[in-house]
Amino acid sequence: MLHTSQRQSSISVWWHTLRTPVLLFGAALWIAFDKAFIPNLAVFIHDVTPSSVVFRFWVLPPDYFVYLPNLVVFLSYLLGACVLLELKHARWPRNRTAQQDLWTALIALAFALSSQLFMTNRKPGMLHVMHSTLQVGVLWLFVMLNANLFLVHRALTTRPWMSRLLHWTFPISDLFGYLLHRDRLKATAGWLGWLPTACVIGAIVAALGVKTRVLASAIRAQRVQVPVHETQWAQWDANGFWFTNWDSWDSRSGIWYYDDRSGTGSPYIRTADCRQAYYDGDHFYYHDRYDHFLRKVNARTRQVVWKVPVKPFVGTTEVVGRNGLVVAAGEAGYIIVVSTDGRVIGEKEFPILTWTPQAVWGDQVAFLTGDQNVHLWNSTLTKGEIIPLPLPPGVKPFVWGAPSDRMRSVTNWTDYVEDTATLYVQTFWGEIYRYNVKERRWLTSLKTDPGLRSIRADSQHQLLFAWNYYQGYISVLDLETGRRVGYILANALGRYINLDPQRMQGVANTRGYGIWRFAYEKLLAHRANGRAYSAYTPDSRR
Amino acid sequence: MKRLGDVWSALRTPLLLLGGLFLLMQSHANAVSAMFARLLSNQSAPLVALSRLVLYVPNTVVVLAYAVLVIALLEAMEIRRLPQPRSDRVKAILALGLAVVPWVFIDIGGSKLRWLPLLMIPTAIFWMFILLNARLKIVEQFVARHRWTARLAEWTFPVSDMLWFTFHRQRLAQAGWIRFLPMTVYLLVLFAAIGAQANVLRKSHRMVKSAIQVYDPHGILRDDQGFWYAETVGYDAGVWRYDATTGSARSYLRASDLHSFALEGGAFYLYDAFGSTVAKIDAASRKAIWEVPVPDACGAVELIVRPGLVVAVGQAGCLITLDARNGAKKAEQRMAFILQHPRALPDGRIAVVSPEQSALMLTNALLTQEETIPLPISRNTRITDTALDAPRSILYVATAWGGILRFDVRQHQWLAPYRIAPGIQAIAVDSHRGLLFAYNTLRGYVEILDLDFGAHRGLILTPRRGNTFVLDPGAQTVTLSAPGPQFTALPKPGGFHHASYTFVTAF
């Protein structure tokens, strides 16, 4: 601890002054060069962050809402706290009584609590409380550490271990208690004492600037007025779109239809836990967990054309179709391939989690497995190839539950583009792998911001939509180059995206907050102005 | 004057406690809602006595017993028979440990993290109770320095006298022997409450859980070979059949949000929330005979089947009469108030209650003759169930607050109500043996009363909070269906609990 009365050596002064900037830049460099750090951090965030960060800002007139990420509010509050603290510092450099501390604490708490008016965590029950408490707690701590409290200064004087604690925890204490740090440097470091403060405030302003840029260029999704909570799949016809309401605790779970003409949605076919179905224009193909049958149903009459029994109790089963093949993947390790006339072509069990099936080029089936691989099998499921994902070395999936579950924290979703025979595999840290099924090789990856939950490609317009779960928006990228075309904001925990390339519209499916709809025609005009991101091969990074 | 003040201070706690008890007993719609009490203390506590013996004790018993234990500890510290912790910090940590321990024996049973606040609030109250009475130096210094503390305790005496009993006794130091009165009454009330609960345990019979896996079962219909029941939620919601000969259950009909159904003349009548339809389904072939949509706005629908007619009663105030043969709509009526608990009367009419109107509504099946009879209770009193004693033509209406109203349908008059402990959730009648069963969800037992005199005849302890409660007079069996916590990874955590009531009739 540097006391103002002490004479400090010049080396010590320089060290105390420069360690914050050095640390900040050092960390940035380390992150930039360590290939596994960002993926591991992203995987960690994915598993420990219970909520996406989406926030609601209420402006007059009262029924007009602007939706912004929580992070913007949080950073704005941090900046506001810095300004208020500087003002306080200029007027009352130090509290003189415990009574003043009490008032400071109350005002700071009110300030921190007020941030919750503009933030929503969108989580049920106590998870919401815990997340909000964390946000308020961090803000409050930040203000309290920098408010030059009487009790803090007394403790620093009377308890030497407090000073030592601040020294030992300098990577955090210098940043969190930046005013305290500046005061310590004031007498000895001259103008250099302002450097850590400038760095802290500069970092906040830079982060805020990056985030507000997203808002400036985003288009907004609007909530579709249908009384459903959890949806995943959607597919369009001439007058509206079909979608799945898969919440099995909802008495109306099943396949629904949203009619554009009347602006209403209603249940159509009853199914249990049907998340992903396939609609070929005349028929639905879906799995019903009630009786464990894969069904083909006439979309007009709702009559069952055929039904095929599948292995029971294989968990949530997703169904996709393409080129006369219907593929169903049971989450607990089960794949079945059926022709559209109801003939079972192949059936196979796997000793590991399987999900996100795709019917790909050459009558093949691709899906993800819990051991960080992509599987590519022929349609009879007799011959297959296991393709490891080109993960950076050192990526460690965060294991909470069963070992077979760990893959979920790395990637959740794939999409397949038929024109180029490319399978797109999303990762949570923003890297989107591309695998050419014809040539059997990985292509250069696309890269966007960390926090992805799912992707969807529009090959007709050469667009790739990537839902950023953590940051609360959909990034729209160029399908080939990965150049950013724009953003779409939806005020909900994002899960899945479905597109109608013909009409250039899409829906964002959420868990708990229904369906959000957007039109992306405008984005095409922005394509030329988007920011280019460097594309690189996974191999080149090793 | 000081003497008078001391006497008042000493007597106000006993007066308050006894006055509160008197108010609770007299008030028909007490300000303290039974629902609130149910939220705080709705579950039994599994107290593991031996490795294989699990004894279910209501939470109230655990909490009260713990309060007595804590008071005993504090008193022992007060008279210095126990070593005193050396600092306030140690005392606070020990007190927190003491406040957390009872949760080992208490099962709130809420879903996910919902029970956390339910645990945290009583823990905080316990902790505060111990800290206030543990003679902390910081508290004593604070009280000595801030005179408003004493005034605050004075103004808030209904709470502070009990929660901060050491301070109260300190204030009464000059009052002589009378200063022990509040504490004595306080302890007596606690002992009385524990004694009453222990008495319940001692006298009650136990239920046995059957080995059927369910989420949230409702509406049990018994027959000789087993029973039908409705699984309300989950992937396989619908009508299920339990076969007693094989001891297994299987899904029979698919329906959403099915809380009640009827099986009459070889056909099921049920309301299916998926398409918001009332349906008649052939029980043998499982084919729909007819399906009639009802408006979404009707809310949860219960069905009453009369000869040739089906009456659908929507909780939001709908009454729809359908022809049982073809589903043709015969009559429809919309009320501006909630309708609950429909029952078919022996004279062919339907009885429904409206808590908002505090009225019993009697109507014929074609909804052409309607009669409204005021209930002899306050408006908005929570009515939890109704039951019919057909041979005596008496309709029983149960309130959450422990009142069982009796309406003589034949004489068209209210009879003297029966009154039992608050917390009734469901009632059922065995007319043949003259027994009335009241399931008390708050206290965790089924109380058996004499149908003619309301006299207590026995108790059956329920291990979990149930939702549907049915009798099988033939087999003299009580069955309680209990939901498990929803949104859980546990495989079907609900269950059926059975008990025989032959012990009552044998007596």
# chains A, B, ... in the order shown; residues from 1 in each chain; ligands from 1
>>> interface_residues(of="chain B", to="chain A", cutoff="7 Å", atoms="only C-alpha atoms", output="list in words")
Leu113, Arg114, Val233, Gly234, Tyr235, Asp236, Ser256, Asp257, Ala273 and Phe274 of chain B
>>> residues_around(residues="Ser173 of chain A", least_positions_apart="6", cutoff="10 Å", atoms="only C-alpha atoms", output="short mmCIF file (atom, residue, chain, number, x, y, z; two decimals) with C-alpha atoms, in the first residue's frame")
data_model
loop_
_atom_site.label_atom_id
_atom_site.label_comp_id
_atom_site.auth_asym_id
_atom_site.auth_seq_id
_atom_site.Cartn_x
_atom_site.Cartn_y
_atom_site.Cartn_z
CA THR A 20 -3.41 -1.68 -15.05
CA PHE A 142 -18.06 -0.71 -7.93
CA LEU A 145 -15.21 0.84 -3.63
CA LEU A 165 -5.19 -7.65 0.17
CA LEU A 166 -5.56 -4.76 -2.27
CA HIS A 167 -1.98 -5.27 -3.41
CA LEU A 180 -8.87 4.41 -4.62
CA HIS A 181 -5.96 3.42 -6.81
#
>>> atom_distance(atom1="atom CA of Ala105 of chain A", atom2="atom CA of Met144 of chain A")
6.7 Å
>>> residues_around(residues="Val320 of chain A", least_positions_apart="3", cutoff="10 Å", atoms="only C-alpha atoms", output="PDB file with C-alpha atoms, in the first residue's frame")
ATOM      1  CA  GLN A 276     -38.618 -30.357 -35.356  1.00  0.00           C
ATOM      2  CA  ALA A 277     -41.049 -31.582 -38.007  1.00  0.00           C
ATOM      3  CA  TYR A 278     -40.883 -31.665 -41.804  1.00  0.00           C
ATOM      4  CA  TYR A 279     -43.535 -30.276 -44.157  1.00  0.00           C
ATOM      5  CA  TYR A 285     -43.685 -35.857 -41.046  1.00  0.00           C
ATOM      6  CA  TYR A 286     -43.250 -35.787 -37.295  1.00  0.00           C
ATOM      7  CA  LEU A 325     -35.737 -39.172 -47.283  1.00  0.00           C
ATOM      8  CA  VAL A 326     -37.108 -38.537 -43.812  1.00  0.00           C
ATOM      9  CA  VAL A 327     -34.527 -38.672 -41.040  1.00  0.00           C
ATOM     10  CA  ALA A 328     -35.347 -38.756 -37.343  1.00  0.00           C
ATOM     11  CA  ALA A 329     -32.733 -38.447 -34.588  1.00  0.00           C
ATOM     12  CA  VAL A 337     -34.215 -43.146 -41.991  1.00  0.00           C
ATOM     13  CA  THR A 356     -29.505 -32.168 -35.376  1.00  0.00           C
ATOM     14  CA  PRO A 357     -29.968 -34.634 -38.234  1.00  0.00           C
ATOM     15  CA  GLN A 358     -29.565 -33.490 -41.833  1.00  0.00           C
ATOM     16  CA  ALA A 359     -30.312 -35.361 -45.053  1.00  0.00           C
TER      17      ALA A 359
END
>>> select_by_dssp(residues="segment 329-362 of chain A", states="strand (DSSP E)", output="PyMOL selection string")
chain A and resi 329-330+334-339+344-349+354-360
>>> write_last_selection(atoms="N, CA and C atoms", output="compact mmCIF listing (two decimals), in the first residue's frame")
# COMPACT_ATOMS: atom_id res chain seq x y z
N ALA A 329 -33.82 -38.18 -35.54
CA ALA A 329 -32.73 -38.45 -34.59
C ALA A 329 -33.27 -38.32 -33.18
N GLY A 330 -33.19 -39.41 -32.44
CA GLY A 330 -33.57 -39.38 -31.02
C GLY A 330 -32.36 -38.96 -30.22
N TYR A 334 -30.18 -42.41 -31.30
CA TYR A 334 -30.99 -43.24 -32.18
C TYR A 334 -31.26 -42.48 -33.47
N ILE A 335 -31.03 -43.16 -34.61
CA ILE A 335 -31.30 -42.56 -35.92
C ILE A 335 -32.15 -43.53 -36.72
N ILE A 336 -33.18 -42.99 -37.35
CA ILE A 336 -33.98 -43.82 -38.26
C ILE A 336 -34.17 -43.05 -39.56
N VAL A 337 -34.02 -43.76 -40.68
CA VAL A 337 -34.21 -43.15 -41.99
C VAL A 337 -35.39 -43.86 -42.66
N VAL A 338 -36.36 -43.08 -43.10
CA VAL A 338 -37.59 -43.62 -43.69
C VAL A 338 -37.79 -42.93 -45.03
N SER A 339 -38.29 -43.69 -46.01
CA SER A 339 -38.63 -43.04 -47.27
C SER A 339 -39.98 -42.36 -47.12
N VAL A 344 -38.96 -48.25 -44.04
CA VAL A 344 -37.79 -48.01 -43.20
C VAL A 344 -36.54 -48.39 -43.98
N ILE A 345 -35.68 -47.40 -44.21
CA ILE A 345 -34.46 -47.65 -44.99
C ILE A 345 -33.31 -48.03 -44.07
N GLY A 346 -33.22 -47.37 -42.96
CA GLY A 346 -32.13 -47.68 -42.03
C GLY A 346 -32.52 -47.29 -40.62
N GLU A 347 -31.93 -48.00 -39.67
CA GLU A 347 -32.22 -47.73 -38.26
C GLU A 347 -30.99 -48.12 -37.46
N LYS A 348 -30.55 -47.27 -36.57
CA LYS A 348 -29.33 -47.59 -35.84
C LYS A 348 -29.32 -46.88 -34.49
N GLU A 349 -28.78 -47.58 -33.51
CA GLU A 349 -28.62 -46.98 -32.18
C GLU A 349 -27.16 -46.62 -31.97
N THR A 354 -27.13 -38.07 -29.85
CA THR A 354 -27.20 -37.72 -31.28
C THR A 354 -28.27 -36.66 -31.47
N TRP A 355 -27.98 -35.67 -32.28
CA TRP A 355 -29.00 -34.64 -32.55
C TRP A 355 -28.68 -33.89 -33.82
N THR A 356 -29.59 -33.00 -34.18
CA THR A 356 -29.50 -32.17 -35.38
C THR A 356 -29.24 -33.00 -36.64
N PRO A 357 -30.17 -33.84 -37.01
CA PRO A 357 -29.97 -34.63 -38.23
C PRO A 357 -30.12 -33.76 -39.48
N GLN A 358 -29.42 -34.14 -40.53
CA GLN A 358 -29.56 -33.49 -41.83
C GLN A 358 -29.51 -34.57 -42.90
N ALA A 359 -30.41 -34.49 -43.87
CA ALA A 359 -30.31 -35.36 -45.05
C ALA A 359 -29.47 -34.61 -46.07
N VAL A 360 -28.30 -35.14 -46.40
CA VAL A 360 -27.35 -34.36 -47.20
C VAL A 360 -27.09 -35.05 -48.55
>>> residues_around(residues="Arg182 of chain A", least_positions_apart="6", cutoff="10 Å", atoms="only C-alpha atoms", output="list in words")
His16, Thr17, Asn146, Asp174, Ala189, Leu192, Gly193, Trp194, Leu195, Pro196 and Thr197 of chain A
>>> atom_distance(atom1="atom CA of Gln197 of chain B", atom2="atom CA of Leu449 of chain B")
18.2 Å
>>> select_by_dssp(residues="segment 147-314 of chain A", states="helix (DSSP H, G or I)", output="number ranges by chain")
A: 150-158, 160-168, 170-176, 178-217
>>> atom_distance(atom1="atom CA of Thr212 of chain A", atom2="atom CA of Gln462 of chain A")
26.4 Å
